[in-house]
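> Take a look at this one; I'll ask things after.
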Amino acid sequence: MVKEAEKITRKPRFLCLHGFRTSGDILKKQLYTKWPQSVLQKIDLVFPDAAYPAQGKSEVEGIFDPPYYEWFQFNKEFTEYTNFEKCLNHIEDIMIEQGPFDGLLGFSQGAILSAGLPGLQAKGVGLTRVPKIQFAIIIGGAKFRAPSVAENAYTYPIECPSLQFLGEMDYLRPYGLELLESFVEPVVIHHPKGHTIPRLDDKSEQTVLSFVHRIQMMLSVLE
């Protein structure tokens with residue numbers, strides 16, 4: 001009975017992918033100042049930095065201290081990526097060295113990755129050396145736009161359970177709505193803010209806690 005209880009209460013472990021030209025430390029500060037302990041104490045979060053130092057001005061300059069990083073680079077139309085394969089290898093190396101991880105949590109550029117990597121992994125074109133990504137928490141996300149990446153990421157409906165945050169004032173909101181169509185039965189939290197990590201009101205807090213409890217139960221069965 002004790003072993004069964006331990007299985008059920010094991011904290012799901014998430015690799016957290018920060019936004020464009022920010023850092024793992026910045027994402028950690030954003031989450032830990034906005035989300036309640038009732039949520040944070042139930043999940044195990046790891047906050048790495050992307051591989052590439054920011055190659056331009058960061059939008060959080062003056063708000064959060066440097067250094068700043070970016071996962072990969074892109075053209076103005078977001079249709080061509082640079083260093084994307086190296087980005088995938090960097091994330092995979094982190095998962096090997098610091099894993100195993102149950103899921104991904106991402107914001108902005110990190111959310112685009114967190115939403116698209118399960119599909120790339122299922123297609124066998126990314127994260128082939130690590131266990132299957134089982135869950136995703138996506139905050140301010142969108143689809144990959146580069147055709148060479150998107151055609152592999154969204155070939156099949158993404159079946160891993162996902163919790164997705166959509167801001168009413170977020171400039172990425174239309175793309176976040178489009179992203180939902182690629183997932184099977186996503187759990188969605190709408191909030192009134194823009195492109196940011198939102199604070200959780202009572203209703204959204206309960207939604208997050210329910211999602212975490214659901215994946216805890218799924219993990220207990222798998223183990």
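Identifiers for the structure tokens are assigned positionally: chains receive A, B, ... in sequence, residues are indexed from 1 per chain, and ligands are indexed from 1 in the order shown.
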Contacts between range 205-210 of chain A and range 49-167 of chain A, please, where a residue of range 49-167 of chain A counts if it comes within 12 Å (with only C-alpha atoms); show its shortest atom pair and distance in Å to one decimal, rows by chain and ascending number, as JSON lines.


{"residue": "A:Ala136", "atom": "CA", "partner": "A:Val208", "partner_atom": "CA", "distance": 12.0}
{"residue": "A:Ile137", "atom": "CA", "partner": "A:Val208", "partner_atom": "CA", "distance": 9.5}
{"residue": "A:Ile138", "atom": "CA", "partner": "A:Val208", "partner_atom": "CA", "distance": 11.9}
{"residue": "A:Ser162", "atom": "CA", "partner": "A:Val208", "partner_atom": "CA", "distance": 10.7}
{"residue": "A:Leu163", "atom": "CA", "partner": "A:Val208", "partner_atom": "CA", "distance": 7.7}
{"residue": "A:Gln164", "atom": "CA", "partner": "A:Val208", "partner_atom": "CA", "distance": 10.0}
{"residue": "A:Phe165", "atom": "CA", "partner": "A:Val208", "partner_atom": "CA", "distance": 10.4}

> Find the spatial neighbours of range 120-125 of chain A, counting only C-alpha atoms, within a cut-off of 8 Å - ignore same-chain residues fewer than 4 positions away - and output them as a PDB file with N, CA and C atoms, in the first residue's frame.


ATOM      1  N   GLY A 116       5.660  21.514 -30.161  1.00  0.00           N
ATOM      2  CA  GLY A 116       6.029  20.834 -31.408  1.00  0.00           C
ATOM      3  C   GLY A 116       6.924  19.626 -31.232  1.00  0.00           C
ATOM      4  N   LYS A 132       9.804   8.966 -24.364  1.00  0.00           N
ATOM      5  CA  LYS A 132       8.698   9.717 -24.962  1.00  0.00           C
ATOM      6  C   LYS A 132       8.238  10.854 -24.054  1.00  0.00           C
ATOM      7  N   ILE A 133       8.013  12.020 -24.653  1.00  0.00           N
ATOM      8  CA  ILE A 133       7.416  13.144 -23.927  1.00  0.00           C
ATOM      9  C   ILE A 133       5.952  12.803 -23.677  1.00  0.00           C
ATOM     10  N   ASN A 152       6.712  17.879 -40.246  1.00  0.00           N
ATOM     11  CA  ASN A 152       6.981  16.716 -39.400  1.00  0.00           C
ATOM     12  C   ASN A 152       6.318  16.827 -38.029  1.00  0.00           C
ATOM     13  N   ALA A 153       6.223  18.048 -37.497  1.00  0.00           N
ATOM     14  CA  ALA A 153       5.703  18.229 -36.138  1.00  0.00           C
ATOM     15  C   ALA A 153       4.215  17.935 -36.033  1.00  0.00           C
ATOM     16  N   TYR A 154       3.477  18.213 -37.098  1.00  0.00           N
ATOM     17  CA  TYR A 154       2.010  18.110 -37.009  1.00  0.00           C
ATOM     18  C   TYR A 154       1.435  17.104 -38.003  1.00  0.00           C
ATOM     19  N   THR A 155       2.238  16.117 -38.374  1.00  0.00           N
ATOM     20  CA  THR A 155       1.764  15.082 -39.297  1.00  0.00           C
ATOM     21  C   THR A 155       0.579  14.341 -38.705  1.00  0.00           C
TER      22      THR A 155
END

> For a test of reading the model, state the distance in Å between CA of Asp25 in chain A and CA of Asp49 in chain A, rounded to one decimal.

7.9 Å

> Using only C-alpha atoms, which residues sit within 6 Å of Ala142 in chain A once same-chain residues fewer than 3 positions away are excluded, as a list in words?

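Residues meeting the cut-off are Ile112, Tyr175, Gly176 and Leu179 of chain A.
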
> Please report the interatomic distance between CA of Phe101 in chain A and CA of Trp71 in chain A in Å with one decimal.

19.0 Å

> Residues at most 10 Å from Asp102 in chain A, counting only C-alpha atoms, excluding those fewer than 2 positions away in the same chain, as a list in words?

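Contacts, in chain order: Lys11, Pro12, Arg13, Phe14, Leu15, Asp44, Gly99, Pro100, Leu104, Pro131, Lys132, Ile133, Gln134, Phe135, Ala136, Ile215 and Leu219 of chain A.
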
> Keeping only C-alpha atoms, write the selected residues as a compact mmCIF listing (two decimals), in the first residue's frame.


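The result, stored in again24.txt:
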# COMPACT_ATOMS: atom_id res chain seq x y z
CA LYS A 11 5.88 14.77 -8.61
CA PRO A 12 5.72 14.96 -12.41
CA ARG A 13 9.08 16.25 -13.67
CA PHE A 14 9.07 18.99 -16.32
CA LEU A 15 11.87 20.41 -18.42
CA ASP A 44 9.38 19.21 -10.19
CA GLY A 99 16.49 13.51 -16.92
CA PRO A 100 14.40 11.55 -17.09
CA LEU A 104 7.81 19.87 -21.12
CA PRO A 131 11.98 8.57 -23.49
CA LYS A 132 8.70 9.72 -24.96
CA ILE A 133 7.42 13.14 -23.93
CA GLN A 134 4.21 12.34 -22.08
CA PHE A 135 2.79 15.76 -21.11
CA ALA A 136 3.05 19.43 -22.07
CA ILE A 215 -0.95 13.07 -14.97
CA LEU A 219 2.29 8.02 -14.23

> Might you pull out every residue within 9 Å of Gly110 in chain A, with only C-alpha atoms counted and same-chain residues fewer than 6 positions away left off, and present them as a list in words?

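What passes the distance filter is Cys16, Leu17, His18, Gly19, Phe20, Trp71, Ile138, Ile139 and Gly141 of chain A.
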
> From the set A:Ser148, A:Gln37, A:Gln55, A:Gln109, which residue has the shortest atom-to-atom contact distance to Thr79 in chain A, counting only C-alpha atoms?

A:Ser148

> Determine which residues of range 28-193 of chain A receive a DSSP assignment of strand (DSSP E), computed from the backbone, and state them as a ChimeraX atom specification.

/A:44-46,52-53,69-70,73-74,81-82,103-107,135-139,162-167,187-191

> Taking 2 positions as the minimum chain separation for residues in the same chain, which residues sit within 12 Å of Pro66 in chain A when counting only C-alpha atoms? Answer as a list in words.

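Once the adjacent positions are removed, what remains is Arg21, Thr22, Ser23, Gly24, Asp25, Ile26, Asp49, Pro53, Ala54, Lys57, Ser58, Glu59, Val60, Glu61, Gly62, Ile63, Phe64, Tyr68 and Tyr69 of chain A.
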
> Based on the backbone DSSP call, show me all residues of range 19-116 of chain A assigned alpha helix (DSSP H), as a count of residues only.

38
